[in-house]
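Participant: My structure is in input.txt, and what it holds is compact mmCIF, C-alpha atoms:
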# COMPACT_ATOMS: atom_id res chain seq x y z
CA MET H 1 148.59 176.31 112.62
CA ALA H 2 144.85 177.08 112.71
CA GLU H 3 144.61 175.75 109.20
CA GLY H 4 146.33 172.51 110.27
CA ILE H 5 144.01 171.95 113.23
CA SER H 6 140.90 172.40 111.12
CA GLU H 7 142.33 169.88 108.67
CA ILE H 8 142.72 167.32 111.45
CA VAL H 9 139.30 168.07 112.93
CA ALA H 10 137.70 167.87 109.49
CA THR H 11 139.41 164.56 108.81
CA LEU H 12 138.39 163.15 112.19
CA MET H 13 134.82 164.32 111.71
CA MET H 14 134.78 162.76 108.30
CA LEU H 15 136.07 159.50 109.76
CA VAL H 16 133.45 159.56 112.50
CA ILE H 17 130.64 160.32 110.05
CA VAL H 18 131.75 157.72 107.53
CA SER H 19 132.30 155.12 110.24
CA SER H 20 128.91 155.83 111.79
CA ILE H 21 127.12 155.55 108.49
CA GLY H 22 129.13 152.46 107.60
CA ILE H 23 128.46 150.76 110.90
CA GLY H 24 124.78 151.66 110.69
CA LEU H 25 124.59 150.27 107.20
CA TYR H 26 126.44 147.14 108.27
CA VAL H 27 124.17 146.55 111.27
CA TYR H 28 121.07 147.08 109.17
CA SER H 29 122.39 144.77 106.44
CA MET H 30 123.31 142.15 108.96
CA GLY H 31 119.82 142.22 110.45
CA TYR H 32 118.21 142.17 107.03
CA PHE H 33 120.28 139.33 105.61
CA THR H 34 120.09 137.28 108.80
CA THR H 35 116.31 137.63 108.93
CA THR H 36 115.95 136.89 105.22
CA ALA H 37 118.20 133.84 105.38
CA SER H 38 116.43 132.57 108.47
CA ALA H 39 113.00 133.06 106.89
CA LEU H 40 114.05 131.38 103.67
CA GLY H 41 115.51 128.48 105.63
CA GLU H 42 112.31 128.11 107.64
CA VAL H 43 110.14 128.21 104.50
CA SER H 44 112.36 125.66 102.84
CA ARG H 45 112.28 123.40 105.91
CA LEU H 46 108.49 123.60 106.01
CA ASP H 47 108.29 122.85 102.30
CA VAL H 48 110.58 119.84 102.69
CA ASN H 49 108.58 118.53 105.65
CA THR H 50 105.37 119.03 103.68
CA LEU H 51 106.85 117.06 100.81
CA ARG H 52 108.04 114.25 103.05
CA GLU H 53 104.77 113.88 104.92
CA ARG H 54 102.88 110.76 103.79
CA PHE H 55 99.69 109.39 105.20
CA ALA H 56 96.61 107.54 104.05
CA VAL H 57 93.18 106.76 105.40
CA VAL H 58 92.96 102.97 105.31
CA ASP H 59 89.64 102.38 107.05
CA VAL H 60 86.64 104.41 108.13
CA ILE H 61 83.83 103.71 110.58
CA VAL H 62 80.69 105.84 110.50
CA ARG H 63 78.31 105.66 113.46
CA ARG H 64 75.02 107.44 113.96
CA SER H 65 74.11 108.40 117.50
CA GLY H 66 71.76 110.93 119.08
CA GLY H 67 71.08 113.04 116.02
CA GLY H 68 74.73 113.23 115.08
CA THR H 69 77.32 111.24 113.19
CA GLU H 70 80.64 110.10 114.50
CA VAL H 71 83.42 109.30 112.10
CA SER H 72 86.56 107.35 112.93
CA ALA H 73 89.27 107.25 110.31
CA ALA H 74 92.21 104.87 110.57
CA VAL H 75 95.17 106.93 109.44
CA TYR H 76 98.40 105.22 108.48
CA ASN H 77 101.65 107.19 108.37
CA TYR H 78 103.86 105.52 105.76
CA GLY H 79 106.41 108.32 105.68
CA LYS H 80 109.51 109.01 107.73
CA THR H 81 108.26 112.08 109.58
CA THR H 82 105.64 112.41 112.28
CA VAL H 83 102.27 113.52 110.95
CA THR H 84 100.08 115.87 112.97
CA LEU H 85 96.42 115.47 112.07
CA GLN H 86 94.51 118.70 112.43
CA MET H 87 91.13 118.60 110.73
CA MET H 88 88.57 116.34 109.16
CA PHE H 89 85.85 117.18 106.66
CA LEU H 90 82.84 115.13 105.60
CA ASN H 91 81.32 116.27 102.31
CA GLY H 92 82.98 119.65 102.83
CA THR H 93 81.65 120.12 106.38
CA GLN H 94 84.28 120.38 109.06
CA LEU H 95 83.95 117.81 111.80
CA ALA H 96 84.64 118.60 115.42
CA VAL H 97 87.72 116.61 116.28
CA SER H 98 88.36 115.57 119.83
CA ASP H 99 92.06 116.28 119.75
CA VAL H 100 94.96 116.90 117.45
CA GLU H 101 96.58 113.53 116.80
CA ARG H 102 100.22 112.82 116.15
CA VAL H 103 101.04 109.72 114.11
CA PRO H 104 104.63 108.49 114.33
CA PRO H 105 106.35 107.04 111.24
CA GLY H 106 104.83 103.63 110.46
CA GLY H 107 102.07 104.26 112.98
CA LEU H 108 98.36 103.68 112.66
CA ILE H 109 95.83 105.62 114.74
CA TRP H 110 92.10 106.24 114.79
CA PHE H 111 91.31 109.89 114.19
CA ASN H 112 87.85 110.69 115.52
CA GLY H 113 85.45 113.46 114.63
CA SER H 114 81.77 114.21 114.84
CA VAL H 115 79.17 116.34 113.14
CA PRO H 116 75.72 117.23 114.56
CA VAL H 117 73.96 115.94 111.46
CA THR H 118 72.71 112.42 110.83
CA ILE H 119 74.15 111.04 107.63
CA PRO H 120 71.64 108.61 106.04
CA GLU H 121 72.80 105.01 105.97
CA GLY H 122 74.27 103.90 102.68
CA SER H 123 74.98 107.39 101.38
CA LEU H 124 78.21 108.20 99.62
CA CYS H 125 80.46 110.59 101.52
CA TYR H 126 83.79 112.21 100.82
CA LEU H 127 86.01 112.16 103.87
CA ARG H 128 88.97 114.50 103.90
CA VAL H 129 91.69 114.40 106.53
CA VAL H 130 94.02 117.39 106.75
CA SER H 131 97.40 117.53 108.43
CA ALA H 132 98.92 120.51 110.22
CA LEU H 133 101.23 121.06 107.28
CA GLY H 134 98.28 121.26 104.92
CA ASN H 135 98.55 117.86 103.27
CA VAL H 136 95.23 116.24 102.44
CA HIS H 137 94.00 112.68 102.00
CA GLU H 138 90.51 112.19 100.64
CA THR H 139 88.61 108.95 100.52
CA VAL H 140 85.12 107.86 99.59
CA VAL H 141 83.03 106.27 102.31
CA VAL H 142 79.70 104.55 102.18
CA SER H 143 78.12 105.47 105.51
CA MET S 1 158.24 155.34 103.84
CA LEU S 2 155.38 156.55 106.10
CA TRP S 3 157.65 157.29 109.02
CA GLY S 4 159.89 159.36 106.84
CA MET S 5 157.09 161.83 106.00
CA SER S 6 156.64 165.18 107.75
CA MET S 7 153.40 165.98 109.65
CA LYS S 8 152.27 168.30 106.89
CA GLN S 9 152.89 165.65 104.27
CA LEU S 10 150.97 163.08 106.36
CA TRP S 11 147.83 165.15 106.58
CA SER S 12 148.02 166.69 103.20
CA PRO S 13 144.88 166.16 101.12
CA GLU S 14 146.85 164.64 98.27
CA SER S 15 148.53 161.91 100.31
CA LYS S 16 146.15 160.31 102.88
CA ARG S 17 142.63 161.72 103.21
CA LYS S 18 141.45 159.93 100.14
CA GLY S 19 143.16 156.70 101.17
CA VAL S 20 141.52 156.51 104.60
CA SER S 21 137.96 156.83 103.31
CA THR S 22 138.72 154.28 100.60
CA VAL S 23 139.95 151.76 103.14
CA ILE S 24 136.94 152.28 105.41
CA GLY S 25 134.55 152.16 102.46
CA ALA S 26 136.17 149.01 101.13
CA ALA S 27 136.02 147.36 104.54
CA ILE S 28 132.35 148.16 104.96
CA PHE S 29 131.62 147.01 101.43
CA LEU S 30 133.45 143.76 102.09
CA LEU S 31 131.47 143.14 105.27
CA ILE S 32 128.13 143.77 103.58
CA PHE S 33 129.17 141.74 100.56
CA THR S 34 130.13 138.85 102.82
CA LEU S 35 126.76 139.03 104.53
CA ALA S 36 124.95 139.04 101.22
CA VAL S 37 126.96 136.09 99.94
CA SER S 38 126.30 134.18 103.18
CA ALA S 39 122.57 134.80 102.84
CA VAL S 40 122.63 133.62 99.22
CA PHE S 41 124.60 130.54 100.26
CA VAL S 42 122.11 129.68 102.99
CA TRP S 43 119.21 130.14 100.58
CA THR S 44 120.92 128.04 97.90
CA GLN S 45 121.52 125.26 100.42
CA SER S 46 117.87 125.32 101.48
CA TYR S 47 116.76 125.22 97.87
CA ALA S 48 119.09 122.29 97.18
CA ASN S 49 117.55 120.43 100.13
CA TYR S 50 114.09 121.11 98.78
CA VAL S 51 114.99 119.90 95.30
CA GLU S 52 116.53 116.74 96.78
CA ALA S 53 113.38 116.10 98.83
CA ALA S 54 111.23 116.64 95.74
CA ARG S 55 113.37 114.17 93.79
CA GLU S 56 113.09 111.55 96.55
CA GLU S 57 109.33 112.08 96.74
CA SER S 58 109.00 111.73 93.00
CA ALA S 59 110.98 108.46 93.01
CA PHE S 60 108.83 107.19 95.89
CA VAL S 61 105.61 107.99 94.05
CA VAL S 62 106.85 106.02 91.03
CA GLU S 63 107.63 103.01 93.26
CA LYS S 64 104.28 103.32 95.00
CA ASN S 65 102.41 103.35 91.72
CA MET S 66 104.33 100.28 90.54
CA GLU S 67 103.12 98.21 93.47
CA GLU S 68 100.64 95.52 92.58
CA LEU S 69 99.35 92.52 94.50
CA MET S 70 97.09 89.68 93.45
CA LEU S 71 95.16 88.51 96.46
CA MET S 72 92.99 85.68 97.59
CA PHE S 73 91.19 85.93 100.92
CA LEU S 74 90.50 82.56 102.48
CA ASN S 75 88.45 81.28 105.33
CA SER S 76 90.90 79.11 107.23
CA SER S 77 88.97 77.52 110.08
CA GLY S 78 87.10 80.77 110.66
CA LYS S 79 90.25 82.88 110.52
CA LEU S 80 91.35 85.08 107.65
CA ALA S 81 94.24 83.85 105.53
CA VAL S 82 95.57 85.79 102.58
CA ILE S 83 97.42 84.40 99.62
CA ALA S 84 99.30 87.29 98.04
CA ARG S 85 101.16 87.10 94.75
CA ASN S 86 103.55 89.85 93.82
CA PRO S 87 103.81 90.03 90.01
CA THR S 88 106.11 93.07 90.07
CA PRO S 89 109.92 93.08 89.96
CA MET S 90 110.22 94.72 93.38
CA THR S 91 109.74 93.55 96.94
CA ILE S 92 106.46 94.48 98.60
CA ILE S 93 105.98 94.61 102.36
CA VAL S 94 102.49 94.14 103.73
CA THR S 95 102.15 95.97 107.05
CA GLN S 96 98.46 95.58 107.82
CA VAL S 97 95.76 93.02 107.15
CA TRP S 98 92.18 94.19 107.68
CA SER S 99 89.07 92.10 108.19
CA ASN S 100 86.02 94.30 108.50
CA HIS S 101 87.26 97.02 110.90
CA SER S 102 89.77 94.84 112.74
CA VAL S 103 93.42 95.03 111.87
CA GLN S 104 96.46 92.89 112.41
CA THR S 105 99.74 94.68 111.97
CA GLY S 106 103.03 93.03 111.14
CA GLU S 107 105.60 92.83 108.42
CA TRP S 108 105.04 90.27 105.69
CA VAL S 109 107.65 90.44 102.97
CA ILE S 110 106.56 89.36 99.50
CA PRO S 111 109.62 89.06 97.27
CA ALA S 112 109.43 89.97 93.60
CA LYS S 113 107.54 87.50 91.38
CA SER S 114 106.57 85.27 94.25
CA ARG S 115 103.65 84.22 96.39
CA VAL S 116 103.24 84.26 100.15
CA THR S 117 100.49 82.96 102.40
CA ILE S 118 99.64 85.25 105.31
CA SER S 119 97.88 83.60 108.22
CA THR S 120 96.13 85.92 110.64
CA THR S 121 94.25 85.71 113.89
CA LEU S 122 91.45 87.87 112.50
CA ASP S 123 87.99 86.42 112.06
CA TYR S 124 87.07 85.89 108.42
CA LYS S 125 84.33 88.35 107.46
CA GLY S 126 84.20 87.79 103.72
CA MET S 127 86.25 88.83 100.76
CA ILE S 128 84.68 92.28 100.37
CA LEU S 129 85.59 93.37 103.89
CA SER S 130 89.18 92.17 103.69
CA LYS S 131 92.12 94.22 102.52
CA VAL S 132 95.84 94.62 102.95
CA VAL S 133 97.98 97.74 103.30
CA THR S 134 101.58 97.94 102.16
CA SER S 135 104.53 99.85 103.55
CA ARG S 136 104.28 102.25 100.63
CA GLY S 137 100.74 103.18 101.62
CA ASN S 138 98.82 101.25 99.00
CA VAL S 139 95.58 99.56 99.97
CA PHE S 140 94.67 96.40 98.07
CA SER S 141 91.37 94.65 98.25
CA GLY S 142 89.44 92.37 95.97
CA THR S 143 88.00 92.93 92.56
CA GLN S 144 88.22 89.83 90.48
CA THR S 145 90.22 89.70 87.28
CA ILE S 146 90.14 86.67 85.07
CA GLY S 147 92.23 85.88 82.06
CA GLU S 148 93.93 89.21 81.76
CA GLY S 149 96.65 88.81 79.18
CA GLU S 150 99.92 90.69 79.36
CA GLY S 151 100.39 93.07 76.48
CA GLY S 152 97.39 91.66 74.67
CA GLY S 153 99.29 88.53 73.75
CA GLU S 154 98.76 84.92 74.73
CA ILE S 155 97.59 84.49 78.30
CA PRO S 156 100.34 82.93 80.43
CA GLU S 157 99.54 79.48 81.77
CA GLN S 158 100.11 80.64 85.32
CA ASP S 159 97.56 83.44 84.93
CA ILE S 160 94.99 81.06 83.49
CA MET S 161 95.35 78.69 86.39
CA GLU S 162 95.28 81.50 88.91
CA ALA S 163 92.13 82.84 87.31
CA GLY S 164 90.26 79.76 88.50
CA ARG S 165 90.25 77.54 85.45
CA TRP S 166 91.66 74.37 84.06
CA TYR S 167 94.18 74.88 81.30
CA VAL S 168 93.42 72.00 78.92
CA GLN S 169 95.82 71.09 76.12
CA TRP S 170 94.54 68.63 73.54
CA TYR S 171 96.75 66.16 71.70
CA ASN S 172 96.44 63.65 68.91
CA LEU S 173 97.66 60.24 70.07
CA SER S 174 100.15 58.23 68.10
CA ALA S 175 99.61 55.28 70.46
CA ARG S 176 97.67 54.62 73.61
CA ARG S 177 98.76 57.25 76.23
CA VAL S 178 101.32 58.69 73.85
CA PHE S 179 100.63 62.37 73.30
CA ASP S 180 101.88 63.20 69.84
CA THR S 181 100.72 66.42 68.21
CA LYS S 182 99.14 69.29 70.05
CA LEU S 183 95.75 70.11 68.57
CA GLY S 184 94.61 73.09 70.66
CA ASN S 185 93.62 74.50 74.03
CA SER S 186 90.47 74.95 76.04
CA TYR S 187 89.61 76.22 79.50
CA TRP S 188 87.29 74.53 81.94
CA GLN S 189 85.78 76.34 84.86
CA SER S 190 84.60 73.64 87.21
CA LEU S 191 86.22 71.27 89.66
CA SER S 192 83.56 68.74 88.80
CA ILE S 193 84.08 67.62 85.22
CA THR S 194 82.03 65.30 83.08
CA PHE S 195 83.42 64.50 79.68
CA ALA S 196 81.57 61.99 77.52
CA TRP S 197 81.22 61.32 73.83
CA GLY S 198 79.93 58.93 71.22
CA SER S 199 80.97 55.39 72.02
CA ALA S 200 81.92 54.20 68.56
CA ALA S 201 85.62 53.98 67.95
CA ASN S 202 85.36 56.20 64.91
CA ASP S 203 83.27 58.95 66.57
CA PRO S 204 85.32 62.13 66.26
CA ILE S 205 86.16 63.95 69.51
CA PHE S 206 88.34 66.85 68.48
CA GLY S 207 87.55 67.92 64.93
CA PRO S 208 88.13 64.84 62.81
CA TYR S 209 90.38 63.21 65.40
CA THR S 210 89.17 60.15 67.26
CA LYS S 211 92.24 59.10 69.21
CA VAL S 212 92.87 62.07 71.40
CA GLY S 213 94.00 62.93 74.87
CA PHE S 214 94.35 65.99 77.01
CA ASN S 215 96.51 67.40 79.72
CA ALA S 216 94.45 69.55 82.10
CA THR S 217 96.16 71.57 84.81
CA THR S 218 94.87 73.90 87.48
CA GLN S 219 95.83 75.27 90.86
CA VAL S 220 93.61 74.73 93.84
CA VAL S 221 93.53 75.78 97.46
CA ALA S 222 93.02 73.01 99.98
CA LEU S 223 90.06 73.55 102.27
CA GLY S 224 90.89 70.80 104.73
CA THR S 225 93.64 68.44 105.76
CA LYS S 226 92.62 65.89 103.14
CA MET S 227 91.80 66.58 99.53
CA TYR S 228 90.03 63.93 97.44
CA ILE S 229 90.08 63.55 93.70
CA ASN S 230 87.56 60.99 92.45
CA TRP S 231 87.29 59.76 88.89
CA TYR S 232 85.28 57.44 86.73
CA VAL S 233 86.82 56.74 83.40
CA ASN S 234 86.74 54.17 80.64
CA GLU S 235 90.22 54.58 79.23
CA ASP S 236 92.47 56.05 80.73
CA CYS S 237 93.30 58.79 83.19
CA ARG S 238 96.13 59.73 85.46
CA VAL S 239 96.11 62.32 88.28
CA ILE S 240 99.18 64.16 89.56
CA VAL S 241 99.42 66.56 92.50
CA LYS S 242 102.75 68.20 92.00
CA GLU S 243 103.44 69.72 95.44
CA ILE S 244 103.06 66.47 97.36
CA GLY S 245 104.53 64.23 94.65
CA ALA S 246 101.32 62.20 94.25
CA ASP S 247 100.90 60.32 90.96
CA THR S 248 98.16 57.74 90.53
CA GLY S 249 99.55 56.28 87.35
CA TRP S 250 97.15 55.35 84.53
CA ASN S 251 93.74 54.16 85.64
CA SER S 252 90.47 52.96 84.23
CA GLY S 253 87.16 52.48 86.00
CA ALA S 254 86.38 54.25 89.26
CA GLY S 255 89.02 55.38 91.72
CA TYR S 256 90.19 58.16 93.92
CA LEU S 257 93.25 59.88 95.29
CA GLU S 258 93.38 60.88 98.94
CA ALA S 259 95.95 63.63 99.40
CA ASP S 260 97.23 64.86 102.76
CA VAL S 261 97.32 68.60 102.41
CA SER S 262 97.56 71.76 104.49
CA PRO S 263 94.44 73.91 104.76
CA GLY S 264 95.04 77.03 102.70
CA GLY S 265 97.91 75.40 100.84
CA VAL S 266 98.15 75.79 97.09
CA TYR S 267 98.42 72.66 94.96
CA THR S 268 98.87 72.09 91.26
CA VAL S 269 96.63 69.32 89.96
CA THR S 270 97.21 67.75 86.57
CA VAL S 271 94.85 65.28 84.93
CA LEU S 272 95.96 63.32 81.89
CA TYR S 273 93.33 61.60 79.78
CA SER S 274 93.89 59.24 76.90
CA ARG S 275 91.19 57.87 74.64
CA TRP S 276 92.23 55.21 72.18
CA THR S 277 89.34 53.10 70.90
CA GLY S 278 87.00 52.59 73.85
CA ALA S 279 83.94 54.63 74.79
CA PRO S 280 85.25 58.07 75.73
CA TYR S 281 84.05 59.26 79.11
CA LEU S 282 85.59 60.77 82.20
CA THR S 283 83.96 62.11 85.33
CA LEU S 284 86.17 63.89 87.78
CA ASN S 285 85.38 65.51 91.11
CA LEU S 286 87.63 67.44 93.51
CA VAL S 287 86.54 67.61 97.13
CA ASN S 288 87.91 69.86 99.88
CA ALA S 289 89.42 72.16 97.30
CA ASP S 290 88.63 75.39 95.53
CA PHE S 291 90.14 77.15 92.56
CA LEU S 292 93.03 79.43 93.36
CA THR S 293 91.41 82.66 92.25
CA LEU S 294 93.76 85.53 92.88
CA LEU S 295 92.27 88.96 93.06
CA LYS S 296 93.81 92.33 92.52
Take the structure in the file and write it out as structure tokens.
Facilitator:
Amino acid sequence: MAEGISEIVATLMMLVIVSSIGIGLYVYSMGYFTTTASALGEVSRLDVNTLRERFAVVDVIVRRSGGGTEVSAAVYNYGKTTVTLQMMFLNGTQLAVSDVERVPPGGLIWFNGSVPVTIPEGSLCYLRVVSALGNVHETVVVS
Amino acid sequence: MLWGMSMKQLWSPESKRKGVSTVIGAAIFLLIFTLAVSAVFVWTQSYANYVEAAREESAFVVEKNMEELMLMFLNSSGKLAVIARNPTPMTIIVTQVWSNHSVQTGEWVIPAKSRVTISTTLDYKGMILSKVVTSRGNVFSGTQTIGEGEGGGEIPEQDIMEAGRWYVQWYNLSARRVFDTKLGNSYWQSLSITFAWGSAANDPIFGPYTKVGFNATTQVVALGTKMYINWYVNEDCRVIVKEIGADTGWNSGAGYLEADVSPGGVYTVTVLYSRWTGAPYLTLNLVNADFLTLLK
């Protein structure tokens, strides 16, 4: 009889231990795979959005005022997704932009920035506009 | 079968202990396997979306690079007008016209292999400061190209005319005003032409030929509501403006054609000249017109 009870207890204990380990492994796997799939999906979505983002600088105005230079770039979004403009660089120097601009598909906006340096008139400048997704459009400007 | 077993048989190590752990193990394995497969499926789907987006982007870049426009920026009563010719086999949509730093947005469709005149409300600020932007993000402005042949072969007549020149084809005459054998081509670059030669009937004009004629054609842009073509000729000339159906017939002496035209309109002007035995001279002058010089 005692032998029979220990058999049952041993079996039950084994079931509990195996089930616990199994459930633990399952929960961990579920978390891992869910997180991985979600991260991969997010990366892929970002990559796709980055690919689909299209914009161009179609006109630039350079003004000198009070020891500084103000730059206005007309940015045209010719893609199908909204473009968020984040930064602007003039000859590698980051310009202070007034605000982050969002350009709807087919839209045209003036993206403004300034730098506390006077750019000599007639000099050749490289203007680079950067979107929030990291896409870049560079154009040559004669100030 | 199971119900028929005794308690001892049910719990015996040989019969069930092994089976229970196998079932639980298999179930857990199946669950984890399903999760792994789901994750792989989600990742594969994301990757497929990315590849599709990359393919679309690649096709778009090819189309964008194929876009080409030949442009002429005109001063139409102080306002900017653009004549755009699309030499490509695909439709191009112009979405913006710029004059200096002012823009007019819209949607001007330029079908394949065709020409469209875009009238704007922008002030004309000169050719250099004018440009157009297409729906595919290309910006076109003016650098002049003249006489650019396709594939290095003979320059098409249309391109010659659009490059701001007369396309002149010379003929030997078999009778007065009867153009017989083509002798050659030349290109004139002025809308004010003076052609004169030795007055003797046997003075050669084209190589050894003395009885010659030419057919000169060009395309012009009207700069006003009336375009005048004046001539002074001994024998004989004829002026045709194709778009308005004007034909002066053969003339000698001094004369003119007054053509009612639209400012900015494009007109094809043909001048026929025939010299038989008289003194060969022709003076021709076009007023209120300029060569159609398309830029790209």
Participant: Chain S residues within 9 Å of chain H, counting all atoms listed in the file: which ones, as a short mmCIF file (atom, residue, chain, number, x, y, z; two decimals) with C-alpha atoms, in the coordinates of the input?
Facilitator:
data_model
loop_
_atom_site.label_atom_id
_atom_site.label_comp_id
_atom_site.auth_asym_id
_atom_site.auth_seq_id
_atom_site.Cartn_x
_atom_site.Cartn_y
_atom_site.Cartn_z
CA LYS S 8 152.27 168.30 106.89
CA TRP S 11 147.83 165.15 106.58
CA SER S 12 148.02 166.69 103.20
CA PRO S 13 144.88 166.16 101.12
CA ARG S 17 142.63 161.72 103.21
CA VAL S 20 141.52 156.51 104.60
CA SER S 21 137.96 156.83 103.31
CA ILE S 24 136.94 152.28 105.41
CA GLY S 25 134.55 152.16 102.46
CA ILE S 28 132.35 148.16 104.96
CA PHE S 29 131.62 147.01 101.43
CA LEU S 31 131.47 143.14 105.27
CA ILE S 32 128.13 143.77 103.58
CA LEU S 35 126.76 139.03 104.53
CA ALA S 36 124.95 139.04 101.22
CA SER S 38 126.30 134.18 103.18
CA ALA S 39 122.57 134.80 102.84
CA VAL S 40 122.63 133.62 99.22
CA PHE S 41 124.60 130.54 100.26
CA VAL S 42 122.11 129.68 102.99
CA TRP S 43 119.21 130.14 100.58
CA GLN S 45 121.52 125.26 100.42
CA SER S 46 117.87 125.32 101.48
CA TYR S 47 116.76 125.22 97.87
CA ASN S 49 117.55 120.43 100.13
CA TYR S 50 114.09 121.11 98.78
CA VAL S 51 114.99 119.90 95.30
CA GLU S 52 116.53 116.74 96.78
CA ALA S 53 113.38 116.10 98.83
CA ALA S 54 111.23 116.64 95.74
CA GLU S 56 113.09 111.55 96.55
CA GLU S 57 109.33 112.08 96.74
CA THR S 95 102.15 95.97 107.05
CA TRP S 98 92.18 94.19 107.68
CA ASN S 100 86.02 94.30 108.50
CA HIS S 101 87.26 97.02 110.90
CA VAL S 133 97.98 97.74 103.30
CA THR S 134 101.58 97.94 102.16
CA SER S 135 104.53 99.85 103.55
CA ARG S 136 104.28 102.25 100.63
CA GLY S 137 100.74 103.18 101.62
CA ASN S 138 98.82 101.25 99.00
CA VAL S 139 95.58 99.56 99.97
#
Participant: Which value, in Å to one decimal, gives the distance between atom CA of Gly184 of chain S and atom CA of Trp166 of chain S?
Facilitator: 13.8 Å
Participant: Of the residues S:Arg85, S:Lys226, S:Lys211, S:Lys125, which is the one nearest to Glu67 of chain S, using all atoms listed in the file?
Facilitator: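 Selected residue with least distance to Glu67 of chain S: S:Arg85.
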Participant: One number please: atom CA of Ala73 of chain H to atom CA of Ile109 of chain H, in Å, one decimal.
Facilitator: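 Going from atom CA of Ala73 of chain H over to atom CA of Ile109 of chain H covers 8.1 Å.
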Participant: Could you check how far atom CA of Thr194 of chain S sits from atom CA of Thr225 of chain S, in Å to one decimal?
Facilitator: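 Result for atom CA of Thr194 of chain S versus atom CA of Thr225 of chain S: 25.7 Å, one decimal.
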Participant: List as an mmCIF file with C-alpha atoms, in the frame of the given file: which residues have an atom within 7 Å of (112.4, 93.6, 96.0), counting all atoms listed in the file?
Facilitator:
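Writing done, so here's point.cif:
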data_model
loop_
_atom_site.group_PDB
_atom_site.id
_atom_site.type_symbol
_atom_site.label_atom_id
_atom_site.label_comp_id
_atom_site.auth_asym_id
_atom_site.auth_seq_id
_atom_site.Cartn_x
_atom_site.Cartn_y
_atom_site.Cartn_z
ATOM 1 C CA PRO S 89 109.920 93.080 89.960
ATOM 2 C CA MET S 90 110.220 94.720 93.380
ATOM 3 C CA THR S 91 109.740 93.550 96.940
ATOM 4 C CA ILE S 92 106.460 94.480 98.600
ATOM 5 C CA PRO S 111 109.620 89.060 97.270
ATOM 6 C CA ALA S 112 109.430 89.970 93.600
#
Participant: Centre and edge lengths, as lines of an AutoDock Vina configuration file, for the axis-aligned box enclosing every listed atom of segment 94-107 of chain S with 5 Å of padding on each of the six sides, in Å to one decimal?
Facilitator:
center_x = 95.8
center_y = 94.6
center_z = 108.2
size_x = 29.6
size_y = 14.9
size_z = 19.0
Participant: What lies within 9 Å of segment 116-125 of chain H using all atoms listed in the file, ignoring chain neighbours under 5 positions off, as JSON, numbers by chain?
Facilitator: {"H": [62, 63, 64, 65, 66, 67, 68, 69, 70, 90, 91, 95, 139, 140, 141, 142, 143]}
Participant: Within 9 Å of Gly126 of chain S, counting all atoms listed in the file, which residues qualify if same-chain residues fewer than 2 places away don't, as a VMD selection string?
Facilitator: chain S and resid 73 to 75 80 99 to 100 124 128 to 130
Participant: Identify which of the residues H:Val130, H:Ser98, H:Trp110, H:Glu138 lies closest to Ser72 of chain H, counting all atoms listed in the file when measuring atom-to-atom distances.
Facilitator: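 Going through H:Val130, H:Ser98, H:Trp110, H:Glu138 one by one, the smallest distance to Ser72 of chain H is for H:Trp110.
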Participant: Show me, as a list in words, the residues that have an atom within 7 Å of Gln86 of chain H when counting only C-alpha atoms, minus same-chain residues fewer than 2 positions from it.
Facilitator: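 In the requested format, the answer is Thr84, Val100, Val130, Ser131 and Ala132 of chain H.
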Participant: As number ranges by chain, please: the residues near Met88 of chain H (cut-off 8 Å, all atoms listed in the file, same-chain neighbours under 4 positions excluded).
Facilitator: H: 94-97, 113, 127-130
Participant: Can you pull out every residue within 7 Å of Gly255 of chain S, counting all atoms listed in the file, but drop anything in the same chain fewer than 2 positions away, and send it as a list of chain:residue names?
Facilitator: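 Those residues are S:Asn230, S:Trp231, S:Tyr232, S:Gly253.
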Participant: With N, CA and C atoms as the goal, would you fill in the gaps in segment 78-85 of chain H and present it as an mmCIF file, in the coordinates of the input?
Facilitator:
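The resulting file, result.cif, is shown below:
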data_model
loop_
_atom_site.group_PDB
_atom_site.id
_atom_site.type_symbol
_atom_site.label_atom_id
_atom_site.label_comp_id
_atom_site.auth_asym_id
_atom_site.auth_seq_id
_atom_site.Cartn_x
_atom_site.Cartn_y
_atom_site.Cartn_z
ATOM 1 N N TYR H 78 102.851 106.358 106.428
ATOM 2 C CA TYR H 78 103.860 105.520 105.760
ATOM 3 C C TYR H 78 105.083 106.323 105.352
ATOM 4 N N GLY H 79 105.232 107.504 105.950
ATOM 5 C CA GLY H 79 106.410 108.320 105.680
ATOM 6 C C GLY H 79 107.452 108.179 106.773
ATOM 7 N N LYS H 80 108.426 109.082 106.739
ATOM 8 C CA LYS H 80 109.510 109.010 107.730
ATOM 9 C C LYS H 80 109.445 110.155 108.725
ATOM 10 N N THR H 81 108.407 110.979 108.634
ATOM 11 C CA THR H 81 108.260 112.080 109.580
ATOM 12 C C THR H 81 106.927 111.933 110.304
ATOM 13 N N THR H 82 106.891 112.463 111.510
ATOM 14 C CA THR H 82 105.640 112.410 112.280
ATOM 15 C C THR H 82 104.586 113.296 111.620
ATOM 16 N N VAL H 83 103.376 112.765 111.558
ATOM 17 C CA VAL H 83 102.270 113.520 110.950
ATOM 18 C C VAL H 83 101.359 114.027 112.069
ATOM 19 N N THR H 84 101.036 115.307 112.017
ATOM 20 C CA THR H 84 100.080 115.870 112.970
ATOM 21 C C THR H 84 98.753 116.086 112.257
ATOM 22 N N LEU H 85 97.732 115.368 112.717
ATOM 23 C CA LEU H 85 96.420 115.470 112.070
ATOM 24 C C LEU H 85 95.623 116.595 112.725
#
